[in-house]
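So this one's work_4.txt, compact mmCIF, C-alpha atoms and all ligand atoms:
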# COMPACT_ATOMS: atom_id res chain seq x y z
CA MET A 1 0.00 0.00 0.00
CA ASN A 2 1.41 3.41 -1.01
CA LEU A 3 0.06 6.39 0.91
CA ILE A 4 0.61 10.13 1.28
CA PHE A 5 -0.17 11.94 4.54
CA LEU A 6 -0.83 15.62 3.93
CA GLY A 7 -1.58 18.30 6.46
CA PRO A 8 -0.17 21.43 8.08
CA PRO A 9 2.71 21.38 10.59
CA GLY A 10 1.59 19.64 13.79
CA ALA A 11 -1.44 17.98 12.19
CA GLY A 12 -0.26 14.54 13.35
CA LYS A 13 1.29 13.18 10.14
CA GLY A 14 4.28 11.69 11.93
CA THR A 15 2.24 10.33 14.84
CA GLN A 16 -0.23 8.56 12.56
CA ALA A 17 2.37 7.42 10.01
CA LYS A 18 4.34 5.65 12.76
CA ARG A 19 1.17 3.87 13.94
CA LEU A 20 0.30 2.66 10.42
CA GLN A 21 3.88 1.68 9.74
CA ASP A 22 3.70 -0.74 12.67
CA ARG A 23 0.26 -2.06 11.72
CA PHE A 24 0.81 -2.62 8.00
CA GLY A 25 4.57 -3.25 7.91
CA ILE A 26 5.06 -0.42 5.42
CA VAL A 27 7.77 2.17 5.79
CA GLN A 28 7.27 5.80 6.92
CA ILE A 29 9.29 8.21 4.79
CA SER A 30 9.51 11.57 6.56
CA THR A 31 11.39 14.11 4.46
CA GLY A 32 11.59 16.36 7.54
CA ASP A 33 13.37 13.57 9.50
CA MET A 34 15.67 12.95 6.53
CA LEU A 35 16.59 16.63 6.33
CA ARG A 36 17.17 16.84 10.09
CA ALA A 37 19.51 13.83 9.81
CA GLU A 38 21.44 15.67 7.07
CA VAL A 39 21.68 18.78 9.28
CA THR A 40 22.97 16.69 12.21
CA ALA A 41 25.49 14.97 9.93
CA GLY A 42 26.69 18.37 8.65
CA SER A 43 26.38 17.19 5.02
CA LYS A 44 26.24 19.56 2.04
CA VAL A 45 22.45 19.15 1.86
CA GLY A 46 22.22 19.69 5.62
CA LEU A 47 24.20 22.91 5.39
CA GLN A 48 21.92 24.15 2.58
CA ALA A 49 18.74 23.16 4.47
CA LYS A 50 19.50 24.27 8.04
CA ALA A 51 18.77 27.99 7.87
CA VAL A 52 15.79 27.47 5.54
CA MET A 53 14.19 25.00 7.96
CA GLU A 54 14.86 27.18 11.00
CA ALA A 55 13.12 30.07 9.20
CA GLY A 56 10.05 27.87 8.61
CA GLN A 57 10.45 27.95 4.82
CA LEU A 58 10.52 25.05 2.37
CA VAL A 59 13.81 23.56 1.19
CA SER A 60 14.29 23.61 -2.61
CA ASP A 61 12.30 21.25 -4.85
CA GLU A 62 15.54 20.15 -6.49
CA ILE A 63 16.99 18.81 -3.22
CA LEU A 64 13.73 17.20 -2.11
CA ILE A 65 12.94 15.48 -5.41
CA ARG A 66 16.44 14.02 -5.59
CA MET A 67 16.28 12.91 -1.95
CA LEU A 68 12.87 11.24 -2.33
CA GLY A 69 13.84 9.61 -5.62
CA ASN A 70 16.88 7.99 -3.97
CA ARG A 71 14.89 6.93 -0.91
CA ILE A 72 12.11 5.26 -2.84
CA GLU A 73 14.67 3.05 -4.64
CA ARG A 74 15.53 1.26 -1.40
CA SER A 75 14.27 -2.28 -0.90
CA ASP A 76 12.22 -1.50 2.22
CA CYS A 77 9.81 0.44 -0.03
CA LEU A 78 8.89 -2.66 -2.02
CA THR A 79 6.07 -3.61 0.38
CA GLY A 80 4.69 -0.08 0.46
CA PHE A 81 5.34 3.34 2.00
CA ILE A 82 3.76 6.30 3.72
CA LEU A 83 5.06 9.65 2.48
CA ASP A 84 5.05 12.03 5.47
CA GLY A 85 5.89 15.56 4.35
CA PHE A 86 6.27 14.95 0.61
CA PRO A 87 5.05 16.27 -1.79
CA ARG A 88 4.77 19.82 -0.52
CA THR A 89 4.66 21.81 -3.78
CA GLU A 90 3.17 21.40 -7.24
CA PRO A 91 6.56 20.53 -8.84
CA GLN A 92 7.08 17.87 -6.14
CA ALA A 93 3.62 16.38 -6.80
CA GLU A 94 4.34 16.23 -10.53
CA ALA A 95 7.79 14.70 -9.94
CA LEU A 96 6.23 12.06 -7.68
CA ASP A 97 3.70 11.11 -10.36
CA ALA A 98 6.54 10.61 -12.83
CA LEU A 99 8.67 8.72 -10.30
CA LEU A 100 5.87 6.28 -9.49
CA ALA A 101 4.79 5.84 -13.11
CA GLY A 102 8.41 5.06 -14.05
CA ARG A 103 8.40 2.20 -11.54
CA GLY A 104 4.91 0.90 -12.36
CA LEU A 105 3.68 1.98 -8.92
CA LYS A 106 0.49 3.76 -7.95
CA LEU A 107 -0.79 5.68 -4.98
CA ASP A 108 -3.61 4.02 -3.08
CA ALA A 109 -4.75 7.02 -1.02
CA VAL A 110 -3.88 10.53 0.08
CA ILE A 111 -4.96 11.25 3.65
CA GLU A 112 -5.40 14.92 4.57
CA LEU A 113 -5.36 15.63 8.32
CA LYS A 114 -7.39 18.76 9.07
CA VAL A 115 -6.58 20.70 12.26
CA ASP A 116 -7.39 24.30 13.31
CA ALA A 117 -4.47 26.77 13.37
CA PRO A 118 -4.61 27.56 17.15
CA ALA A 119 -4.48 23.85 17.98
CA LEU A 120 -1.49 23.41 15.64
CA VAL A 121 0.46 26.11 17.46
CA GLU A 122 -0.23 24.48 20.85
CA ARG A 123 0.75 21.05 19.58
CA ILE A 124 4.01 22.19 18.06
CA ALA A 125 5.12 24.57 20.80
CA GLY A 126 4.71 21.80 23.42
CA ARG A 127 6.34 18.96 21.51
CA PHE A 128 9.57 17.21 22.59
CA THR A 129 11.15 13.84 21.84
CA CYS A 130 13.48 11.36 23.51
CA ALA A 131 17.04 12.05 22.31
CA LYS A 132 17.86 8.34 22.36
CA CYS A 133 14.88 6.57 20.72
CA GLY A 134 12.83 9.43 19.23
CA ALA A 135 9.62 8.67 21.15
CA GLY A 136 7.34 11.73 21.01
CA TYR A 137 5.91 13.65 23.99
CA HIS A 138 4.01 16.86 24.68
CA ASP A 139 4.16 19.29 27.63
CA SER A 140 0.37 19.24 28.11
CA PHE A 141 -1.08 16.24 26.27
CA ASN A 142 1.50 13.47 26.58
CA GLN A 143 4.07 13.70 29.40
CA PRO A 144 6.34 10.71 30.16
CA LYS A 145 4.74 8.55 32.88
CA VAL A 146 7.79 9.06 35.14
CA ALA A 147 9.14 12.63 35.05
CA ASP A 148 12.22 13.09 32.82
CA THR A 149 12.28 9.39 31.87
CA CYS A 150 11.33 8.05 28.44
CA ASP A 151 8.47 5.51 28.64
CA VAL A 152 9.97 3.51 25.77
CA CYS A 153 13.73 3.31 26.40
CA GLY A 154 14.24 4.80 29.89
CA GLY A 155 16.41 7.61 28.48
CA HIS A 156 16.68 10.88 30.40
CA ALA A 157 17.64 13.34 27.62
CA PHE A 158 14.98 15.08 25.55
CA ILE A 159 15.20 17.41 22.57
CA ARG A 160 13.04 20.09 20.94
CA ARG A 161 13.14 20.85 17.21
CA ALA A 162 14.87 24.11 16.21
CA ASP A 163 11.80 25.08 14.13
CA ASP A 164 9.27 24.44 16.91
CA LYS A 165 9.46 27.96 18.35
CA ARG A 166 6.12 29.80 18.41
CA GLU A 167 7.44 32.56 16.10
CA THR A 168 8.59 30.03 13.47
CA VAL A 169 5.32 28.11 13.50
CA ALA A 170 3.51 31.05 11.85
CA ALA A 171 5.96 30.95 8.91
CA ARG A 172 5.51 27.17 8.59
CA LEU A 173 1.72 27.49 8.57
CA ALA A 174 1.92 30.23 5.93
CA ALA A 175 4.19 28.05 3.77
CA TYR A 176 1.64 25.24 4.01
CA GLU A 177 -1.23 27.49 2.92
CA ARG A 178 0.73 29.11 0.11
CA GLN A 179 2.67 26.17 -1.35
CA THR A 180 1.21 22.86 -0.12
CA ALA A 181 -2.58 23.32 0.16
CA PRO A 182 -2.76 24.07 -3.61
CA ILE A 183 -1.77 20.45 -4.37
CA LEU A 184 -4.90 19.06 -2.68
CA PRO A 185 -7.08 19.50 -5.82
CA HIS A 186 -4.49 17.47 -7.80
CA TYR A 187 -5.29 14.43 -5.63
CA ALA A 188 -9.00 15.18 -5.35
CA ALA A 189 -9.23 15.15 -9.15
CA ALA A 190 -7.54 11.73 -9.17
CA GLY A 191 -10.14 10.43 -6.68
CA LEU A 192 -7.42 9.73 -4.10
CA LEU A 193 -8.04 12.44 -1.50
CA HIS A 194 -9.64 11.54 1.86
CA SER A 195 -9.97 14.23 4.53
CA VAL A 196 -9.86 13.17 8.17
CA ASP A 197 -10.70 15.22 11.28
CA GLY A 198 -7.27 15.60 12.89
CA MET A 199 -8.73 17.52 15.86
CA ALA A 200 -9.98 14.27 17.39
CA GLY A 201 -7.89 12.27 19.87
CA MET A 202 -4.96 10.28 18.48
CA ASP A 203 -6.74 6.91 18.72
CA GLU A 204 -9.87 8.26 17.04
CA VAL A 205 -7.81 9.71 14.20
CA THR A 206 -6.11 6.32 13.72
CA ALA A 207 -9.52 4.62 13.67
CA GLU A 208 -10.81 7.10 11.09
CA ILE A 209 -7.78 6.52 8.84
CA MET A 210 -8.20 2.75 9.17
CA ALA A 211 -11.86 3.10 8.18
CA VAL A 212 -10.85 5.06 5.07
CA LEU A 213 -8.23 2.46 4.13
CA ASP A 214 -10.71 -0.40 4.62
CA ASN A 215 -12.62 1.01 1.66
CA VAL A 216 -9.66 1.70 -0.60
CA PRO A 217 -8.85 -0.89 -3.28
CA VAL A 218 -5.13 -1.65 -2.89
CA GLY A 219 -2.48 -3.40 -4.92
CA VAL A 220 -3.84 -2.52 -8.37
CA GLU A 221 -0.97 -1.93 -10.80
CA ALA A 222 -0.72 1.46 -12.52
P1 LIG A 301 8.41 18.21 8.78
O1 LIG A 301 9.33 17.53 9.68
O2 LIG A 301 7.68 17.45 7.77
O3 LIG A 301 7.43 19.08 9.67
P2 LIG A 301 5.91 19.60 9.47
O4 LIG A 301 5.22 19.25 8.22
O5 LIG A 301 6.03 21.03 9.79
O6 LIG A 301 5.11 18.77 10.45
P3 LIG A 301 5.46 18.32 11.90
O7 LIG A 301 6.47 17.21 11.87
O8 LIG A 301 5.78 19.51 12.75
O9 LIG A 301 4.04 17.81 12.38
P4 LIG A 301 3.30 16.43 12.15
O10 LIG A 301 2.15 16.65 11.24
O11 LIG A 301 4.27 15.33 11.83
O12 LIG A 301 2.71 16.23 13.60
P5 LIG A 301 3.17 15.27 14.80
O13 LIG A 301 2.68 13.90 14.57
O14 LIG A 301 4.60 15.47 15.14
O15 LIG A 301 9.21 19.36 7.99
C1 LIG A 301 10.08 20.24 8.68
C2 LIG A 301 10.74 21.18 7.69
O16 LIG A 301 11.53 20.43 6.77
C3 LIG A 301 9.80 22.01 6.80
O17 LIG A 301 9.34 23.18 7.44
C4 LIG A 301 10.70 22.30 5.59
O18 LIG A 301 11.61 23.32 5.90
C5 LIG A 301 11.48 21.01 5.45
N1 LIG A 301 10.82 20.05 4.54
C6 LIG A 301 10.34 18.80 4.87
N2 LIG A 301 9.79 18.21 3.79
C7 LIG A 301 9.91 19.10 2.75
C8 LIG A 301 9.48 19.06 1.39
N3 LIG A 301 8.84 17.99 0.87
N4 LIG A 301 9.76 20.16 0.64
C9 LIG A 301 10.43 21.23 1.14
N5 LIG A 301 10.83 21.32 2.42
C10 LIG A 301 10.58 20.27 3.24
O19 LIG A 301 2.29 15.90 15.99
C11 LIG A 301 2.58 17.20 16.53
C12 LIG A 301 2.35 17.23 18.05
O20 LIG A 301 0.96 17.06 18.29
C13 LIG A 301 3.06 16.09 18.82
O21 LIG A 301 3.46 16.59 20.06
C14 LIG A 301 1.96 15.05 18.98
O22 LIG A 301 2.17 14.28 20.16
C15 LIG A 301 0.70 15.89 19.06
N6 LIG A 301 -0.49 15.26 18.46
C16 LIG A 301 -0.54 14.51 17.31
N7 LIG A 301 -1.80 14.11 17.05
C17 LIG A 301 -2.57 14.62 18.06
C18 LIG A 301 -3.96 14.56 18.36
N8 LIG A 301 -4.81 13.89 17.59
N9 LIG A 301 -4.40 15.21 19.47
C19 LIG A 301 -3.52 15.90 20.28
N10 LIG A 301 -2.19 15.97 20.05
C20 LIG A 301 -1.72 15.36 18.95
MG MG A 302 6.33 15.24 11.42
Please, can you express the file's structure as structure tokens?
Ligand code: AP5
Ligand code: MG
Amino acid sequence: MNLIFLGPPGAGKGTQAKRLQDRFGIVQISTGDMLRAEVTAGSKVGLQAKAVMEAGQLVSDEILIRMLGNRIERSDCLTGFILDGFPRTEPQAEALDALLAGRGLKLDAVIELKVDAPALVERIAGRFTCAKCGAGYHDSFNQPKVADTCDVCGGHAFIRRADDKRETVAARLAAYERQTAPILPHYAAAGLLHSVDGMAGMDEVTAEIMAVLDNVPVGVEA
């Protein structure tokens, strides 16, 4: 099954993609995580992307299309993938169509997570993750069960994303409205777009996505 998760920053794309990855045995491809890994590694791409990401802007289509093209070649994509954060612009959506067609692959569904702007700001500004295993937490909604201790791996160090400052979130939301929301009609016209209420609790959102996928015909060749 090949899926795209679309939605503004903080909508829950990563949270839900990780849950489906475990359930279906398909791989989550987060271009944001890939870029952050490049920044940490100090690579050429990382150096180009760092300031752009910290300003809440989109990294260039050229870098992202090349990065996604290389990633999708890897063998763990053969059983299916969830694109989390790609495509984000019209050129990226067109490049993805060509990339998939070239490999005889098709998309099965595009899930749009809809969340109000004030809720997005709260979600992002309160988010932190375990530095060791990456488990996600939130200051108000999802604290570790034991203070300063990761529920999953017992780690005691936590990190916050450089672009999760309140002032940067506004720029990220604006970039979504200006550059990413315009690709929704592309997938609606193809009959692939399914909108889900991302304001509901995490388990309800998962259930709603599962209900959508239950009704999607999968595995049909392009
Ligand atoms: P990226 O890493 O993709 O960030 P984003 O799209 O801004 O989205 P987030 O990761 O912040 O949110 P999410 O939707 O994954 O929500 P999450 O599940 O974490 O991109 C970062 C940057 O990289 C971009 O700004 C850009 O610069 C660059 N980039 C990446 N891809 C690119 C591309 N294709 N082209 C160009 N540039 C690119 O949830 C958020 C919080 O809410 C968490 O704390 C979570 O616990 C909580 N939460 C989740 N669901 C719920 C719920 N239902 N109820 C309550 N809380 C919830
Ligand atoms: Mg994410």
Can I get the residues close to ligand MG 302 (chain A) as number ranges by chain, where close means within 8 Å and we count only C-alpha atoms and all ligand atoms?
A: 9-10, 12-15, 30, 32-33, 84-85
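Closest approach to Thr168 (chain A) among A:Ala41, A:Ile65, A:Val115, A:Ala51: A:Ala51, based on all atoms listed in the file.
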Mind checking which residues fall within 9 Å of Ala55 (chain A), counting only C-alpha atoms, ignoring those fewer than 3 positions away in the same chain, and posting them as a ChimeraX atom specification?
/A:50-52,58,163,168,171-172
Can you check which parts of region 29-95 of chain A lie within 12 Å of region 102-107 of chain A? Per residue, the shortest pair of atoms and distance in Å to one decimal, counting only C-alpha atoms, sorted by chain and number, as CSV.
residue,atom,partner,partner_atom,distance
A:Gly69,CA,A:Arg103,CA,10.9
A:Ile72,CA,A:Arg103,CA,9.9
A:Glu73,CA,A:Arg103,CA,9.4
A:Cys77,CA,A:Leu105,CA,10.9
A:Leu78,CA,A:Leu105,CA,9.8
A:Thr79,CA,A:Leu105,CA,11.1
A:Gly80,CA,A:Leu107,CA,9.6
A:Phe81,CA,A:Leu107,CA,9.6
A:Ile82,CA,A:Leu107,CA,9.8
A:Leu83,CA,A:Leu107,CA,10.3
A:Ala93,CA,A:Leu107,CA,11.7
A:Ala95,CA,A:Gly102,CA,10.5
Find the smallest box with edges along x, y and z containing every listed atom of ligand LIG 301 (chain A), then add 4 Å on each side and report centre and edge lengths in Å to one decimal, as AutoDock Vina command-line options.
--center_x 3.4 --center_y 18.6 --center_z 10.5 --size_x 24.4 --size_y 17.4 --size_z 27.6
Contacts of Phe128 (chain A) at 9 Å (all atoms listed in the file; same-chain gap of 2+ positions) as an MDAnalysis selection string:
chainID A and resid 124:126 130 135:139 158:161
Region 5-104 of chain A residues near region 180-203 of chain A within 9 Å, closest pair each, using all atoms listed in the file, as CSV:
residue,atom,partner,partner_atom,distance
A:Leu6,CA,A:Leu184,CA,8.5
A:Gly7,CA,A:Ala181,CA,8.1
A:Pro8,CA,A:Thr180,CA,8.4
A:Ala11,CA,A:Gly198,CA,6.3
A:Gly12,CA,A:Gly198,CA,7.1
A:Thr15,CA,A:Met202,CA,8.1
A:Gln16,CA,A:Met202,CA,7.8
A:Pro87,CA,A:Thr180,CA,7.8
A:Arg88,CA,A:Thr180,CA,4.7
A:Thr89,CA,A:Thr180,CA,5.1
A:Glu90,CA,A:Ile183,CA,5.8
A:Ala93,CA,A:Ile183,CA,7.2
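Minimum atom-to-atom distance to ligand LIG 301 (chain A), evaluated using all atoms listed in the file, belongs to A:Arg123 out of A:Arg23, A:Arg123, A:Lys132, A:Lys165.
One finds CA of Glu177 (chain A) at 20.1 Å from atom C20 of ligand LIG 301 (chain A).
Of the residues under consideration (A:Leu35, A:Leu213, A:Ala170, A:Ile29), A:Ala170 shows the shortest atom-to-atom contact distance to Leu120 (chain A) when counting all atoms listed in the file.
Note that the spacing between atom O18 of ligand LIG 301 (chain A) and CA of Glu208 (chain A) amounts to 28.2 Å.
With distances taken over all atoms listed in the file, A:Ala109 is the one residue among A:Ala37, A:Val169, A:Ala109, A:Ala175 lying closest to Met210 (chain A).
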Between A:Val59, A:Ala162, A:Leu3, A:Leu100, which has the minimum distance to ligand LIG 301 (chain A) (counting only C-alpha atoms and all ligand atoms)?
A:Val59
Which is closer to ligand LIG 301 (chain A) than all the others in A:Leu47, A:Met53, A:Leu113, A:Leu20, using all atoms listed in the file?
A:Met53
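The space separating CA of Asp97 (chain A) from atom P2 of ligand LIG 301 (chain A) comes to 21.7 Å.
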Atoms are missing here; could region 74-109 of chain A be completed with N, CA and C atoms and written as a PDB file, in the frame of the given file?
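Result written to rebuild-v1.pdb:
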ATOM      1  N   ARG A  74      15.018   2.256  -2.368  1.00  0.00           N
ATOM      2  CA  ARG A  74      15.530   1.260  -1.400  1.00  0.00           C
ATOM      3  C   ARG A  74      14.537   0.118  -1.209  1.00  0.00           C
ATOM      4  N   SER A  75      15.076  -1.052  -0.876  1.00  0.00           N
ATOM      5  CA  SER A  75      14.270  -2.280  -0.900  1.00  0.00           C
ATOM      6  C   SER A  75      13.145  -2.272   0.124  1.00  0.00           C
ATOM      7  N   ASP A  76      13.288  -1.486   1.212  1.00  0.00           N
ATOM      8  CA  ASP A  76      12.220  -1.500   2.220  1.00  0.00           C
ATOM      9  C   ASP A  76      10.943  -0.823   1.715  1.00  0.00           C
ATOM     10  N   CYS A  77      11.014  -0.191   0.535  1.00  0.00           N
ATOM     11  CA  CYS A  77       9.810   0.440  -0.030  1.00  0.00           C
ATOM     12  C   CYS A  77       8.990  -0.548  -0.868  1.00  0.00           C
ATOM     13  N   LEU A  78       9.549  -1.723  -1.108  1.00  0.00           N
ATOM     14  CA  LEU A  78       8.890  -2.660  -2.020  1.00  0.00           C
ATOM     15  C   LEU A  78       7.514  -3.096  -1.506  1.00  0.00           C
ATOM     16  N   THR A  79       7.357  -3.176  -0.166  1.00  0.00           N
ATOM     17  CA  THR A  79       6.070  -3.610   0.380  1.00  0.00           C
ATOM     18  C   THR A  79       5.106  -2.447   0.600  1.00  0.00           C
ATOM     19  N   GLY A  80       5.568  -1.237   0.335  1.00  0.00           N
ATOM     20  CA  GLY A  80       4.690  -0.080   0.460  1.00  0.00           C
ATOM     21  C   GLY A  80       5.323   0.997   1.333  1.00  0.00           C
ATOM     22  N   PHE A  81       4.759   2.214   1.246  1.00  0.00           N
ATOM     23  CA  PHE A  81       5.340   3.340   2.000  1.00  0.00           C
ATOM     24  C   PHE A  81       4.269   4.371   2.331  1.00  0.00           C
ATOM     25  N   ILE A  82       4.595   5.142   3.361  1.00  0.00           N
ATOM     26  CA  ILE A  82       3.760   6.300   3.720  1.00  0.00           C
ATOM     27  C   ILE A  82       4.639   7.531   3.562  1.00  0.00           C
ATOM     28  N   LEU A  83       4.310   8.405   2.643  1.00  0.00           N
ATOM     29  CA  LEU A  83       5.060   9.650   2.480  1.00  0.00           C
ATOM     30  C   LEU A  83       4.531  10.671   3.480  1.00  0.00           C
ATOM     31  N   ASP A  84       5.404  11.097   4.395  1.00  0.00           N
ATOM     32  CA  ASP A  84       5.050  12.030   5.470  1.00  0.00           C
ATOM     33  C   ASP A  84       5.838  13.310   5.231  1.00  0.00           C
ATOM     34  N   GLY A  85       5.183  14.294   4.589  1.00  0.00           N
ATOM     35  CA  GLY A  85       5.890  15.560   4.350  1.00  0.00           C
ATOM     36  C   GLY A  85       6.338  15.747   2.912  1.00  0.00           C
ATOM     37  N   PHE A  86       5.969  14.857   2.047  1.00  0.00           N
ATOM     38  CA  PHE A  86       6.270  14.950   0.610  1.00  0.00           C
ATOM     39  C   PHE A  86       5.083  14.379  -0.151  1.00  0.00           C
ATOM     40  N   PRO A  87       4.595  15.006  -1.215  1.00  0.00           N
ATOM     41  CA  PRO A  87       5.050  16.270  -1.790  1.00  0.00           C
ATOM     42  C   PRO A  87       4.503  17.469  -1.024  1.00  0.00           C
ATOM     43  N   ARG A  88       5.174  18.602  -1.205  1.00  0.00           N
ATOM     44  CA  ARG A  88       4.770  19.820  -0.520  1.00  0.00           C
ATOM     45  C   ARG A  88       4.586  20.985  -1.477  1.00  0.00           C
ATOM     46  N   THR A  89       4.842  20.765  -2.760  1.00  0.00           N
ATOM     47  CA  THR A  89       4.660  21.810  -3.780  1.00  0.00           C
ATOM     48  C   THR A  89       4.147  21.149  -5.058  1.00  0.00           C
ATOM     49  N   GLU A  90       3.655  21.961  -5.966  1.00  0.00           N
ATOM     50  CA  GLU A  90       3.170  21.400  -7.240  1.00  0.00           C
ATOM     51  C   GLU A  90       4.290  20.682  -8.009  1.00  0.00           C
ATOM     52  N   PRO A  91       5.499  21.278  -8.150  1.00  0.00           N
ATOM     53  CA  PRO A  91       6.560  20.530  -8.840  1.00  0.00           C
ATOM     54  C   PRO A  91       6.880  19.198  -8.160  1.00  0.00           C
ATOM     55  N   GLN A  92       6.818  19.147  -6.830  1.00  0.00           N
ATOM     56  CA  GLN A  92       7.080  17.870  -6.140  1.00  0.00           C
ATOM     57  C   GLN A  92       5.987  16.849  -6.445  1.00  0.00           C
ATOM     58  N   ALA A  93       4.734  17.301  -6.503  1.00  0.00           N
ATOM     59  CA  ALA A  93       3.620  16.380  -6.800  1.00  0.00           C
ATOM     60  C   ALA A  93       3.774  15.821  -8.210  1.00  0.00           C
ATOM     61  N   GLU A  94       4.154  16.690  -9.143  1.00  0.00           N
ATOM     62  CA  GLU A  94       4.340  16.230 -10.530  1.00  0.00           C
ATOM     63  C   GLU A  94       5.524  15.261 -10.626  1.00  0.00           C
ATOM     64  N   ALA A  95       6.609  15.579  -9.920  1.00  0.00           N
ATOM     65  CA  ALA A  95       7.790  14.700  -9.940  1.00  0.00           C
ATOM     66  C   ALA A  95       7.434  13.337  -9.339  1.00  0.00           C
ATOM     67  N   LEU A  96       6.615  13.338  -8.295  1.00  0.00           N
ATOM     68  CA  LEU A  96       6.230  12.060  -7.680  1.00  0.00           C
ATOM     69  C   LEU A  96       5.412  11.209  -8.650  1.00  0.00           C
ATOM     70  N   ASP A  97       4.490  11.851  -9.352  1.00  0.00           N
ATOM     71  CA  ASP A  97       3.700  11.110 -10.360  1.00  0.00           C
ATOM     72  C   ASP A  97       4.629  10.413 -11.355  1.00  0.00           C
ATOM     73  N   ALA A  98       5.625  11.163 -11.826  1.00  0.00           N
ATOM     74  CA  ALA A  98       6.540  10.610 -12.830  1.00  0.00           C
ATOM     75  C   ALA A  98       7.392   9.484 -12.244  1.00  0.00           C
ATOM     76  N   LEU A  99       7.835   9.704 -11.002  1.00  0.00           N
ATOM     77  CA  LEU A  99       8.670   8.720 -10.300  1.00  0.00           C
ATOM     78  C   LEU A  99       7.915   7.398 -10.139  1.00  0.00           C
ATOM     79  N   LEU A 100       6.667   7.491  -9.719  1.00  0.00           N
ATOM     80  CA  LEU A 100       5.870   6.280  -9.490  1.00  0.00           C
ATOM     81  C   LEU A 100       5.537   5.606 -10.820  1.00  0.00           C
ATOM     82  N   ALA A 101       5.138   6.413 -11.806  1.00  0.00           N
ATOM     83  CA  ALA A 101       4.790   5.840 -13.110  1.00  0.00           C
ATOM     84  C   ALA A 101       5.987   5.096 -13.697  1.00  0.00           C
ATOM     85  N   GLY A 102       7.183   5.667 -13.531  1.00  0.00           N
ATOM     86  CA  GLY A 102       8.410   5.060 -14.050  1.00  0.00           C
ATOM     87  C   GLY A 102       8.702   3.708 -13.429  1.00  0.00           C
ATOM     88  N   ARG A 103       8.173   3.470 -12.224  1.00  0.00           N
ATOM     89  CA  ARG A 103       8.400   2.200 -11.540  1.00  0.00           C
ATOM     90  C   ARG A 103       7.160   1.306 -11.558  1.00  0.00           C
ATOM     91  N   GLY A 104       6.133   1.707 -12.315  1.00  0.00           N
ATOM     92  CA  GLY A 104       4.910   0.900 -12.360  1.00  0.00           C
ATOM     93  C   GLY A 104       4.165   0.871 -11.040  1.00  0.00           C
ATOM     94  N   LEU A 105       4.345   1.924 -10.228  1.00  0.00           N
ATOM     95  CA  LEU A 105       3.680   1.980  -8.920  1.00  0.00           C
ATOM     96  C   LEU A 105       2.508   2.948  -8.968  1.00  0.00           C
ATOM     97  N   LYS A 106       1.571   2.791  -8.050  1.00  0.00           N
ATOM     98  CA  LYS A 106       0.490   3.760  -7.950  1.00  0.00           C
ATOM     99  C   LYS A 106       0.246   4.119  -6.496  1.00  0.00           C
ATOM    100  N   LEU A 107      -0.361   5.284  -6.319  1.00  0.00           N
ATOM    101  CA  LEU A 107      -0.790   5.680  -4.980  1.00  0.00           C
ATOM    102  C   LEU A 107      -2.129   5.033  -4.688  1.00  0.00           C
ATOM    103  N   ASP A 108      -2.317   4.604  -3.451  1.00  0.00           N
ATOM    104  CA  ASP A 108      -3.610   4.020  -3.080  1.00  0.00           C
ATOM    105  C   ASP A 108      -4.516   5.061  -2.423  1.00  0.00           C
ATOM    106  N   ALA A 109      -3.942   5.987  -1.664  1.00  0.00           N
ATOM    107  CA  ALA A 109      -4.750   7.020  -1.020  1.00  0.00           C
ATOM    108  C   ALA A 109      -3.886   8.172  -0.547  1.00  0.00           C
TER     109      ALA A 109
END
